[in-house]
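Asker: Structure below; questions to follow.
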Amino acid sequence: MSLRTKYSDRTFNGPKTSRPKCGARTISGRPCQAQALKPSGRCFRHGGLSTGPRTPEGKARQRQAAKETMRRIWQERRRGERPMPNISDEKRAEMAARARQRQSALQAARDEHLRELRWKKWRADMQEKRREESLARKEAARIRHAERMRRYREKQKKQRANSNA
Ligand SMILES: [Zn+2]
C-alpha cells in the first residue's frame, strides 16, 4: 500500500473545506493547514501515520506518561485552575462516591497498620516487664537463700561452742 492510498483511506469524509486541519506548529509558526488523518488528527507530515510505541518498554513509557498527565489535569481541576469536564450529575456523584470509597479504604489500612504497631509495642513492653520481674524474683530468692545459710552456719557455730564448753 502506497503512502498516497494510506493517506486517502484515513481522511475524514465530508466536503473538503470542512475537514479537520492538522494544526501542528510549522516552521513559520502558523498551524499546519494540511488535512488531518482520521486516527491521529495530524497530517502525514506531522506524525499522522505514526502507529505509536511498539516495544513493551515504549508502551509502558506511554502508559506512565498518560497516567501522569491525567493526574496533573485532575489536580488542576480540583484547584480550580482548569474547568471541570462536562459530566452528568450522576457520573459526578459516582466519581465522588468512588473517591470517598478509596479514601475510607486508605484510612482503614492506616488504622489497621497503627493498631498492629500499638499491639507489637504492647507485646514487647509486656515481655520486657516479665523479664524484669523474673530477674527481680530470682535476685530476691538468692538473697533469702544466702540469709538462711548465714543463720544456719551461725547456729551450728553456737552449738559447737556449747558442746565444747
Ligand atoms: Zn501537518
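Here's how to read the names in the C-alpha cells: chain A, B, ... by the order shown, residue numbers from 1 in each chain, ligand numbers from 1 in the order shown.
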Just want the residues within 8 Å of ligand 1, written as a list in words, counting only C-alpha atoms and all ligand atoms.

Answerer: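 If we count only C-alpha atoms and all ligand atoms, the neighbours of ligand 1 turn out to be Lys21, Cys22, Gly23, Ala24, Arg25, Thr26, Pro31, Cys32, Gln33, Ala34, Gln35, Ala36, Arg42, Cys43, Phe44, Arg45, His46, Gly47 and Gly48 of chain A.
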
Asker: Considering only C-alpha atoms, state which residue in the set A:Ser163, A:Pro39, A:Ala105, A:Ala141 is at the smallest distance from A:Gly52.

Answerer: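 Nearest to A:Gly52: A:Pro39.
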
Asker: Do you have the atom CA of A:Ile73-atom CA of A:Arg100 distance handy?

Answerer: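 Separation between atom CA of A:Ile73 and atom CA of A:Arg100: 19.6 Å.
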
Asker: Please compute the atom CA of A:Gln62-atom CA of A:Ser40 distance, one decimal, in Å.

Answerer: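 Computing the Euclidean distance for atom CA of A:Gln62 and atom CA of A:Ser40 yields 15.3 Å.
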